[in-house]
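data_39.tsv follows (TSV, C-alpha atoms):
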chain	number	residue	atom	x	y	z
S	189	MET	CA	15.22	140.20	83.65
S	190	THR	CA	17.74	139.79	80.88
S	191	SER	CA	20.23	142.60	80.88
S	192	SER	CA	20.51	144.71	77.76
S	193	ARG	CA	24.07	143.56	77.45
S	194	SER	CA	22.91	140.16	76.24
S	195	TRP	CA	20.58	141.66	73.63
S	196	PRO	CA	22.03	141.77	70.11
S	197	LEU	CA	23.04	145.09	68.61
S	198	TYR	CA	21.05	146.62	65.75
S	199	GLU	CA	22.23	149.38	63.42
S	200	ILE	CA	19.67	152.12	62.89
S	201	PHE	CA	19.04	153.97	59.63
S	202	ILE	CA	16.67	156.94	59.57
S	203	ARG	CA	15.02	158.68	56.61
S	204	ALA	CA	14.71	162.32	57.62
S	205	ARG	CA	12.11	163.29	54.99
S	206	GLY	CA	10.37	161.72	52.05
S	207	GLY	CA	12.74	161.57	49.07
S	208	LEU	CA	15.93	161.45	51.12
S	209	ASP	CA	18.08	158.38	51.73
S	210	HIS	CA	18.07	156.46	54.98
S	211	LYS	CA	21.19	157.52	56.88
S	212	HIS	CA	23.00	155.67	59.62
S	213	ALA	CA	21.96	157.22	62.94
S	214	GLY	CA	23.52	154.89	65.51
S	215	SER	CA	22.72	151.60	67.16
S	216	VAL	CA	20.49	150.11	69.87
S	217	HIS	CA	20.35	146.89	71.82
S	218	ALA	CA	17.11	144.95	71.39
S	219	ALA	CA	15.78	141.43	71.81
S	220	ASP	CA	14.50	141.26	68.22
S	221	ALA	CA	13.82	143.37	65.15
S	222	ARG	CA	10.39	144.57	66.27
S	223	GLN	CA	11.80	145.81	69.54
S	224	ALA	CA	14.76	147.34	67.72
S	225	LEU	CA	12.29	149.47	65.73
S	226	GLU	CA	10.63	150.62	68.95
S	227	HIS	CA	13.94	151.37	70.60
S	228	ALA	CA	15.14	153.24	67.52
S	229	ARG	CA	11.93	155.27	67.52
S	230	ASP	CA	12.34	156.09	71.20
S	231	VAL	CA	16.05	156.89	71.04
S	232	TYR	CA	16.54	158.50	67.63
S	233	THR	CA	13.26	160.13	66.54
S	234	ARG	CA	12.26	162.04	69.67
S	235	ARG	CA	12.88	165.39	67.98
S	236	GLN	CA	11.15	164.66	64.67
S	237	GLU	CA	14.34	163.37	63.09
S	238	GLY	CA	12.62	160.85	60.88
S	239	VAL	CA	9.69	159.55	58.85
S	240	SER	CA	11.01	156.01	58.32
S	241	ILE	CA	13.34	153.62	60.14
S	242	TRP	CA	15.39	150.65	58.97
S	243	VAL	CA	16.99	148.33	61.48
S	244	VAL	CA	19.69	145.81	60.57
S	245	LYS	CA	21.36	143.34	62.88
S	246	SER	CA	24.92	144.58	63.27
S	247	THR	CA	26.25	141.06	62.70
S	248	ASP	CA	24.49	141.00	59.31
S	249	ILE	CA	26.58	143.89	58.03
S	250	VAL	CA	29.66	142.81	56.12
S	251	ALA	CA	32.34	145.47	56.24
S	252	SER	CA	35.50	145.94	54.22
S	253	ASP	CA	38.73	145.33	56.09
S	254	PRO	CA	40.68	148.56	56.75
S	255	ALA	CA	43.83	146.56	55.93
S	256	ASP	CA	42.50	146.14	52.39
S	257	ALA	CA	42.01	149.87	51.91
S	258	ASP	CA	45.09	150.29	49.72
S	259	ALA	CA	44.03	147.55	47.36
S	260	LEU	CA	40.41	148.59	47.27
S	261	PHE	CA	40.56	152.36	47.10
S	262	GLU	CA	44.06	153.49	46.25
S	263	PRO	CA	43.87	152.56	42.52
S	264	ALA	CA	41.08	155.11	41.98
S	265	ARG	CA	43.18	158.00	43.16
S	266	ASP	CA	45.01	158.75	39.88
S	267	LYS	CA	42.04	158.21	37.61
S	268	ILE	CA	40.62	161.68	37.79
S	269	TYR	CA	39.18	161.30	34.28
S	270	ARG	CA	36.40	159.32	35.89
S	271	HIS	CA	35.02	162.55	37.31
S	272	PRO	CA	32.67	164.28	34.88
S	273	THR	CA	34.66	167.51	35.06
S	274	PHE	CA	36.17	167.34	31.58
S	275	TYR	CA	33.00	168.17	29.74
S	276	ASP	CA	31.91	171.65	28.70
S	277	ILE	CA	28.35	172.27	29.73
S	278	PRO	CA	26.31	174.13	27.11
S	279	ASP	CA	24.99	177.49	28.31
S	280	GLU	CA	21.44	176.43	27.47
S	281	VAL	CA	21.56	173.76	30.16
S	282	LYS	CA	20.57	175.58	33.32
S	283	THR	CA	19.94	172.95	35.89
S	284	LEU	CA	22.69	170.39	35.54
H	25	MET	CA	-5.90	175.81	98.24
H	26	SER	CA	-9.54	175.75	97.18
H	27	ALA	CA	-11.52	172.57	96.83
H	28	VAL	CA	-13.43	171.58	93.72
H	29	PRO	CA	-16.90	172.84	94.63
H	30	GLN	CA	-19.58	170.20	95.03
H	31	ALA	CA	-21.84	172.12	92.69
H	32	SER	CA	-19.37	172.10	89.81
H	33	GLY	CA	-20.60	170.37	86.74
H	34	SER	CA	-20.02	166.93	85.39
H	35	ARG	CA	-17.87	168.25	82.57
H	36	LEU	CA	-15.32	169.74	84.95
H	37	ARG	CA	-15.10	166.54	86.97
H	38	TYR	CA	-14.90	164.41	83.83
H	39	VAL	CA	-12.03	166.44	82.36
H	40	LEU	CA	-10.21	166.50	85.71
H	41	ARG	CA	-10.49	162.70	85.90
H	42	LEU	CA	-8.85	162.30	82.51
H	43	GLY	CA	-6.20	164.93	83.17
H	44	ASP	CA	-5.36	163.56	86.62
H	45	ALA	CA	-5.05	160.01	85.24
H	46	SER	CA	-2.42	161.15	82.73
H	47	LEU	CA	-0.65	163.41	85.23
H	48	VAL	CA	-0.29	160.84	88.02
H	49	LEU	CA	0.80	158.09	85.63
H	50	ALA	CA	3.36	160.46	84.07
H	51	GLN	CA	4.76	161.10	87.55
H	52	ARG	CA	4.96	157.35	88.26
H	53	LEU	CA	6.74	156.68	84.96
H	54	GLY	CA	9.10	159.54	85.68
H	55	GLU	CA	10.30	157.61	88.72
H	56	TRP	CA	11.86	155.12	86.29
H	57	ILE	CA	14.19	157.68	84.72
H	58	GLY	CA	17.74	156.61	85.42
H	59	HIS	CA	16.55	153.26	86.79
H	60	ALA	CA	15.15	151.37	83.81
H	61	PRO	CA	16.77	148.02	82.90
H	62	ALA	CA	18.30	149.47	79.72
H	63	LEU	CA	19.02	152.90	78.28
H	64	GLU	CA	16.53	152.22	75.50
H	65	GLU	CA	13.74	151.47	78.02
H	66	ASP	CA	14.70	154.52	80.05
H	67	LEU	CA	14.00	156.69	77.03
H	68	GLY	CA	10.90	154.71	76.05
H	69	LEU	CA	9.32	155.17	79.48
H	70	ALA	CA	10.34	158.84	79.56
H	71	ASN	CA	8.79	159.42	76.13
H	72	THR	CA	5.52	157.89	77.31
H	73	ALA	CA	5.65	159.97	80.50
H	74	LEU	CA	6.12	163.15	78.48
H	75	ASP	CA	3.23	162.26	76.16
H	76	LEU	CA	1.03	161.77	79.22
H	77	LEU	CA	2.23	165.02	80.75
H	78	GLY	CA	1.33	166.83	77.53
H	79	GLN	CA	-2.17	165.33	77.66
H	80	ALA	CA	-2.50	166.33	81.31
H	81	ARG	CA	-1.51	169.92	80.51
H	82	MET	CA	-4.14	170.26	77.78
H	83	LEU	CA	-6.82	168.65	79.91
H	84	LEU	CA	-6.07	170.59	83.09
H	85	ALA	CA	-5.87	173.88	81.18
H	86	TYR	CA	-9.31	173.08	79.77
H	87	ALA	CA	-10.59	172.13	83.22
H	88	GLY	CA	-9.41	175.49	84.54
H	89	GLU	CA	-11.37	177.25	81.78
H	90	ILE	CA	-14.51	175.23	82.49
H	91	GLU	CA	-14.22	176.07	86.17
H	92	GLY	CA	-13.87	179.75	85.31
H	93	LYS	CA	-12.07	180.79	88.46
H	94	GLY	CA	-8.78	181.67	86.86
H	95	ARG	CA	-6.93	178.51	87.96
H	96	SER	CA	-4.16	177.52	85.57
H	97	GLU	CA	-2.96	174.01	84.70
H	98	ASP	CA	-0.15	174.51	87.25
H	99	ASP	CA	-2.57	175.60	89.97
H	100	LEU	CA	-4.60	172.45	89.38
H	101	ALA	CA	-1.57	170.14	89.18
H	102	PHE	CA	0.43	171.47	92.09
H	103	LEU	CA	-1.99	173.14	94.50
H	104	ARG	CA	-4.78	170.61	94.88
H	105	GLY	CA	-4.82	168.12	97.72
H	106	GLU	CA	-5.14	164.37	97.54
H	107	ARG	CA	-8.93	164.26	97.89
H	108	GLU	CA	-9.31	166.71	95.02
H	109	PHE	CA	-7.46	164.45	92.58
H	110	LEU	CA	-9.92	162.42	90.54
H	111	ASN	CA	-7.63	159.90	88.80
H	112	PRO	CA	-8.57	156.23	88.88
H	113	THR	CA	-6.75	154.41	91.68
H	114	LEU	CA	-4.96	152.15	89.17
H	115	VAL	CA	-2.57	154.86	87.93
H	116	GLU	CA	-1.24	155.71	91.40
H	117	GLN	CA	-0.20	152.12	92.17
H	118	PRO	CA	3.54	151.78	92.85
H	119	ASN	CA	5.95	150.89	90.05
H	120	GLY	CA	7.10	147.59	91.60
H	121	ASP	CA	9.46	145.79	89.24
H	122	PHE	CA	9.61	146.56	85.51
H	123	GLY	CA	6.98	143.89	84.80
H	124	GLN	CA	4.54	145.41	87.26
H	125	SER	CA	4.96	148.87	85.73
H	126	ILE	CA	4.46	147.40	82.26
H	127	VAL	CA	1.29	145.54	83.28
H	128	ARG	CA	-0.11	148.73	84.83
H	129	GLN	CA	0.81	150.52	81.60
H	130	LEU	CA	-0.95	147.95	79.43
H	131	LEU	CA	-4.16	148.12	81.49
H	132	VAL	CA	-4.16	151.93	81.31
H	133	ASP	CA	-3.05	152.17	77.66
H	134	ALA	CA	-5.87	149.92	76.48
H	135	TRP	CA	-8.37	152.00	78.48
H	136	GLN	CA	-7.07	155.34	77.23
H	137	LEU	CA	-6.89	154.04	73.67
H	138	GLU	CA	-10.53	152.94	73.57
H	139	LEU	CA	-11.60	156.09	75.40
H	140	TYR	CA	-9.69	158.57	73.25
H	141	GLU	CA	-10.77	156.88	70.02
H	142	ARG	CA	-14.37	157.56	71.03
H	143	LEU	CA	-13.75	160.97	72.60
H	144	ALA	CA	-12.28	162.10	69.27
H	145	HIS	CA	-15.95	162.18	68.14
H	146	SER	CA	-17.18	164.00	71.25
H	147	SER	CA	-19.82	166.71	70.94
H	148	ASP	CA	-17.38	168.78	73.01
H	149	ALA	CA	-15.09	170.14	70.29
H	150	ARG	CA	-12.24	170.91	72.69
H	151	LEU	CA	-12.29	167.43	74.19
H	152	ALA	CA	-12.48	165.94	70.69
H	153	ALA	CA	-9.39	167.87	69.59
H	154	ILE	CA	-7.40	166.82	72.67
H	155	ALA	CA	-8.43	163.18	72.18
H	156	ALA	CA	-7.56	163.23	68.47
H	157	LYS	CA	-4.00	164.26	69.35
H	158	ALA	CA	-3.71	161.90	72.33
H	159	VAL	CA	-4.98	158.83	70.49
H	160	LYS	CA	-1.94	158.77	68.19
H	161	GLU	CA	0.41	158.84	71.17
H	162	THR	CA	-1.64	156.21	72.96
H	163	ARG	CA	-1.51	153.81	70.00
H	164	TYR	CA	2.26	153.70	70.39
H	165	HIS	CA	2.04	153.37	74.19
H	166	PHE	CA	-0.19	150.34	73.72
H	167	ARG	CA	2.10	148.80	71.12
H	168	TYR	CA	5.02	149.24	73.53
H	169	SER	CA	3.35	147.88	76.67
H	170	ALA	CA	1.55	145.04	74.86
H	171	GLY	CA	4.82	144.01	73.23
H	172	TRP	CA	6.52	143.83	76.60
H	173	VAL	CA	3.71	141.95	78.32
H	174	VAL	CA	3.82	139.30	75.57
H	175	ARG	CA	7.61	139.12	75.82
H	176	LEU	CA	7.58	138.72	79.60
H	177	GLY	CA	4.49	136.51	79.82
H	178	ASP	CA	5.72	134.18	77.10
H	179	GLY	CA	9.32	134.53	78.26
H	180	THR	CA	11.18	132.70	81.02
H	181	PRO	CA	9.42	130.96	83.92
H	182	GLU	CA	10.50	133.81	86.19
H	183	SER	CA	9.28	136.61	83.90
H	184	HIS	CA	5.98	134.77	83.39
H	185	GLU	CA	5.48	134.34	87.11
H	186	ARG	CA	6.31	137.97	87.85
H	187	VAL	CA	3.93	139.51	85.31
H	188	GLN	CA	1.19	137.07	86.30
H	189	ARG	CA	1.61	138.22	89.90
H	190	ALA	CA	1.48	141.87	88.79
H	191	LEU	CA	-1.66	141.16	86.78
H	192	GLU	CA	-3.38	139.57	89.79
H	193	LEU	CA	-2.30	142.51	91.95
H	194	LEU	CA	-3.53	145.24	89.60
H	195	TRP	CA	-6.59	143.58	88.09
H	196	PRO	CA	-9.10	144.61	90.80
H	197	TYR	CA	-8.26	148.28	90.17
H	198	THR	CA	-9.46	148.04	86.56
H	199	ARG	CA	-13.11	147.66	87.58
H	200	GLU	CA	-13.28	151.31	88.59
H	201	LEU	CA	-12.46	152.37	85.02
H	202	PHE	CA	-15.80	151.05	83.81
H	203	ASP	CA	-18.00	151.78	86.82
H	204	ALA	CA	-20.15	154.56	85.38
H	205	ASP	CA	-21.47	157.13	87.83
H	206	GLU	CA	-23.60	160.26	87.38
H	207	VAL	CA	-20.68	162.16	85.83
H	208	ASP	CA	-20.15	159.51	83.14
H	209	ALA	CA	-23.90	159.21	82.57
H	210	GLU	CA	-24.42	162.93	82.10
H	211	MET	CA	-21.45	163.23	79.72
H	212	ALA	CA	-22.77	160.28	77.72
H	213	ARG	CA	-26.28	161.81	77.56
H	214	GLU	CA	-24.76	164.94	76.05
H	215	LEU	CA	-22.81	162.76	73.59
H	216	ALA	CA	-19.68	164.36	75.03
H	217	ALA	CA	-18.30	161.00	76.20
H	218	PRO	CA	-18.82	157.34	75.24
H	219	GLN	CA	-20.89	154.81	77.16
H	220	LEU	CA	-18.46	153.10	79.51
H	221	ALA	CA	-20.04	149.73	78.74
H	222	ASP	CA	-18.86	150.10	75.13
H	223	VAL	CA	-15.38	151.07	76.27
H	224	GLN	CA	-15.33	148.07	78.59
H	225	ASP	CA	-16.27	145.60	75.82
H	226	ALA	CA	-13.54	146.94	73.56
H	227	TRP	CA	-11.02	146.96	76.44
H	228	ASN	CA	-11.86	143.35	77.29
H	229	ALA	CA	-11.30	142.24	73.69
H	230	ARG	CA	-8.01	144.11	73.46
H	231	ILE	CA	-6.68	142.84	76.81
H	232	ASP	CA	-7.84	139.26	76.23
H	233	ALA	CA	-5.96	139.15	72.92
H	234	VAL	CA	-2.73	140.33	74.57
H	235	LEU	CA	-3.10	137.97	77.54
H	236	ALA	CA	-3.71	135.01	75.22
H	237	GLU	CA	-0.56	135.78	73.23
H	238	ALA	CA	1.35	136.28	76.47
H	239	THR	CA	0.08	132.91	77.81
H	240	LEU	CA	-1.25	134.72	80.90
H	241	PRO	CA	-4.59	133.52	82.33
H	242	ARG	CA	-7.09	136.33	82.86
H	243	PRO	CA	-7.55	136.95	86.61
H	244	ALA	CA	-10.90	136.28	88.24
H	245	GLU	CA	-13.10	139.30	88.95
H	246	ARG	CA	-13.00	140.40	92.56
H	247	PRO	CA	-14.95	143.08	94.39
H	248	PHE	CA	-13.19	146.42	94.61
H	249	SER	CA	-13.45	149.32	96.99
H	250	TRP	CA	-11.40	152.08	95.39
H	251	TYR	CA	-12.96	155.18	93.93
H	252	GLY	CA	-10.08	157.43	92.99
H	253	LYS	CA	-12.37	159.03	90.43
H	254	ARG	CA	-14.44	160.32	93.36
H	255	GLY	CA	-11.36	161.49	95.26
H	256	GLU	CA	-11.30	158.40	97.51
H	257	HIS	CA	-7.76	157.16	97.04
H	258	GLY	CA	-5.59	154.40	98.44
H	259	GLU	CA	-2.52	154.94	100.53
H	260	HIS	CA	-0.18	155.80	97.67
H	261	LEU	CA	-1.42	159.01	96.06
H	262	GLY	CA	-0.40	161.24	98.96
H	263	HIS	CA	3.22	160.18	98.57
H	264	VAL	CA	3.13	160.69	94.79
H	265	LEU	CA	1.75	164.20	95.24
H	266	ALA	CA	4.20	165.08	98.01
H	267	GLU	CA	7.07	164.46	95.62
H	268	MET	CA	5.36	165.99	92.60
H	269	GLN	CA	4.17	169.15	94.34
H	270	TYR	CA	7.07	169.83	96.69
H	271	LEU	CA	9.06	172.15	94.44
H	272	HIS	CA	6.09	174.23	93.37
H	273	ARG	CA	4.85	174.62	96.92
H	274	ALA	CA	8.32	175.43	98.29
H	275	HIS	CA	9.00	177.99	95.55
H	276	PRO	CA	5.63	179.38	94.43
H	277	GLY	CA	5.71	180.87	90.97
H	278	ALA	CA	9.22	179.60	90.21
H	279	THR	CA	10.02	179.43	86.48
H	280	TRP	CA	12.91	178.06	84.42

Step by step, read the file and then write its structure as structure tokens.
Amino acid sequence: MTSSRSWPLYEIFIRARGGLDHKHAGSVHAADARQALEHARDVYTRRQEGVSIWVVKSTDIVASDPADADALFEPARDKIYRHPTFYDIPDEVKTL
Amino acid sequence: MSAVPQASGSRLRYVLRLGDASLVLAQRLGEWIGHAPALEEDLGLANTALDLLGQARMLLAYAGEIEGKGRSEDDLAFLRGEREFLNPTLVEQPNGDFGQSIVRQLLVDAWQLELYERLAHSSDARLAAIAAKAVKETRYHFRYSAGWVVRLGDGTPESHERVQRALELLWPYTRELFDADEVDAEMARELAAPQLADVQDAWNARIDAVLAEATLPRPAERPFSWYGKRGEHGEHLGHVLAEMQYLHRAHPGATW
């Protein structure tokens, strides 16, 4: 039997209820995508946590480099005018 | 400890057979907890065991009501002796390696799936409701075990050889599942249970499809001499029950 250590890692995203986004829940080892779905179901939805599962091979996720954080995210810090907090909301609008 | 009376009806025996099948298999699967080849399989097997335990609770509670002697699901699970258990002999077979447990699971899952699908239309409303709930769980069990049998059968030479050996070992025990006796016949007459011949045809089709995909030849039919459903068990059930019933018998009435 192949040990789980040689199975690739899959990242698991769970939709808790209809209308919500899939959220990252964790990861499982599995031989392929079908088995990753089953493992995700067995590990992460035992307490009715979800109505839908996405699995993505961890190696297929491209992540930003923490070393680039200054270049990527720092420039947004002093541009507070990008937040929609400078507008007066008319009283008639109740549900914005 | 009181025995199931000889005069008790077919319905009681039928429901005990179903309940005991789920209970004993749940106990066997529970033996895997902490020992499965991967954390993910540990949880998968435990989930299936808990589904089966839930089915056993509903069925044994119903059996106690049919019997009408005030025995609870716990009384029936923990205070009956080996000869009073009416599960098919297949479910008490030892776990062996992971492949052997998975083959046993496939053979049982396909049986329970075809059975519960039909029992969901039983003239017995209680049995129909239990089956309607159980069939959803069983569909997943079958998907899980069939997936593994294909993986292992169509896997490495060693995995193929091991599951083929398990299949040959367990195959003779499947005959009992479809060997209708007076209990099955009476339940079928009352439209409370399906004809076992129909269940067998559907089971054959389901199993043959999995075996073909798994590149596993179907074993030859051999005579069998086990009638767990009549209380005539092999050598293994006594050991399963000793472990399962020990705590309850040592501490009667203990609760969490």

Considering only C-alpha atoms, give me a table of residues in chain H that are at most 7 Å from chain S, with the closest atom pair and distance in Å for each, as JSON lines.
{"residue": "H:Pro61", "atom": "CA", "partner": "S:Ser191", "partner_atom": "CA", "distance": 6.7}
{"residue": "H:Ala62", "atom": "CA", "partner": "S:Ser192", "partner_atom": "CA", "distance": 5.6}
{"residue": "H:Glu64", "atom": "CA", "partner": "S:His227", "partner_atom": "CA", "distance": 5.6}
{"residue": "H:Leu67", "atom": "CA", "partner": "S:Asp230", "partner_atom": "CA", "distance": 6.1}
{"residue": "H:Gly68", "atom": "CA", "partner": "S:Asp230", "partner_atom": "CA", "distance": 5.2}
{"residue": "H:Asn71", "atom": "CA", "partner": "S:Asp230", "partner_atom": "CA", "distance": 6.9}
{"residue": "H:Ser183", "atom": "CA", "partner": "S:Met189", "partner_atom": "CA", "distance": 6.9}

Next, the residues of the selection above should be written as a PDB file, in the frame of the given file with C-alpha atoms.
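The result, written out as again.pdb:
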ATOM      1  CA  PRO H  61      16.770 148.020  82.900  1.00  0.00           C
ATOM      2  CA  ALA H  62      18.300 149.470  79.720  1.00  0.00           C
ATOM      3  CA  GLU H  64      16.530 152.220  75.500  1.00  0.00           C
ATOM      4  CA  LEU H  67      14.000 156.690  77.030  1.00  0.00           C
ATOM      5  CA  GLY H  68      10.900 154.710  76.050  1.00  0.00           C
ATOM      6  CA  ASN H  71       8.790 159.420  76.130  1.00  0.00           C
ATOM      7  CA  SER H 183       9.280 136.610  83.900  1.00  0.00           C
TER       8      SER H 183
END

Can you pull out every residue within 12 Å of Glu199 in chain S, counting all atoms listed in the file, but drop anything in the same chain fewer than 5 positions away, and send it as an MDAnalysis selection string?
chainID S and resid 210:218 221 224:225 227:228 232 241:249

Counting all atoms listed in the file, figure out which residue out of H:Gln188, H:Gln79, H:Ser96, H:Ser147 gets nearest to Arg128 in chain H.
H:Gln188

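For the residues H:Thr162, H:Ser249, H:Thr113, H:Asn228, ranking by smallest atom-to-atom distance to Leu137 in chain H using all atoms listed in the file places H:Thr162 first.
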
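You will find CA of Asp148 in chain H at 24.2 Å from CA of Gly255 in chain H.
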
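The list of residues with at least one atom within 12 Å of Glu256 in chain H, based on only C-alpha atoms and without residues fewer than 5 positions apart in the same chain, reads Gly105, Glu106, Arg107, Glu108, Phe109, Leu110, Asn111, Pro112, Thr113, Glu200, Ser249, Trp250, Tyr251, Leu261 and Gly262 of chain H.
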
Mind dumping the selected residues with C-alpha atoms as a PDB file, in the coordinates of the input?
ATOM      1  CA  GLY H 105      -4.820 168.120  97.720  1.00  0.00           C
ATOM      2  CA  GLU H 106      -5.140 164.370  97.540  1.00  0.00           C
ATOM      3  CA  ARG H 107      -8.930 164.260  97.890  1.00  0.00           C
ATOM      4  CA  GLU H 108      -9.310 166.710  95.020  1.00  0.00           C
ATOM      5  CA  PHE H 109      -7.460 164.450  92.580  1.00  0.00           C
ATOM      6  CA  LEU H 110      -9.920 162.420  90.540  1.00  0.00           C
ATOM      7  CA  ASN H 111      -7.630 159.900  88.800  1.00  0.00           C
ATOM      8  CA  PRO H 112      -8.570 156.230  88.880  1.00  0.00           C
ATOM      9  CA  THR H 113      -6.750 154.410  91.680  1.00  0.00           C
ATOM     10  CA  GLU H 200     -13.280 151.310  88.590  1.00  0.00           C
ATOM     11  CA  SER H 249     -13.450 149.320  96.990  1.00  0.00           C
ATOM     12  CA  TRP H 250     -11.400 152.080  95.390  1.00  0.00           C
ATOM     13  CA  TYR H 251     -12.960 155.180  93.930  1.00  0.00           C
ATOM     14  CA  LEU H 261      -1.420 159.010  96.060  1.00  0.00           C
ATOM     15  CA  GLY H 262      -0.400 161.240  98.960  1.00  0.00           C
TER      16      GLY H 262
END

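One distance worth recording is that between CA of Ala156 in chain H and CA of Tyr140 in chain H, which is 7.0 Å.
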
Rank H:Ile57, H:Leu114, H:Leu265, H:Leu74 by their smallest atom-to-atom distance to Phe248 in chain H, using only C-alpha atoms, and report the top residue only.
H:Leu114

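Shortest atom-to-atom contact with Val127 in chain H among H:Gly94, H:Gly78, H:Gly177, H:Gly43: H:Gly177, counting only C-alpha atoms.
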
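Between CA of Glu245 in chain H and CA of Glu192 in chain H lies a distance of 9.8 Å.
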
Excluding Asp203 in chain H and its own-chain neighbours fewer than 6 positions away, which residues fall within 12 Å of it when counting only C-alpha atoms? Please give them as a ChimeraX atom specification.
/H:112,197,209,219-224,247-254
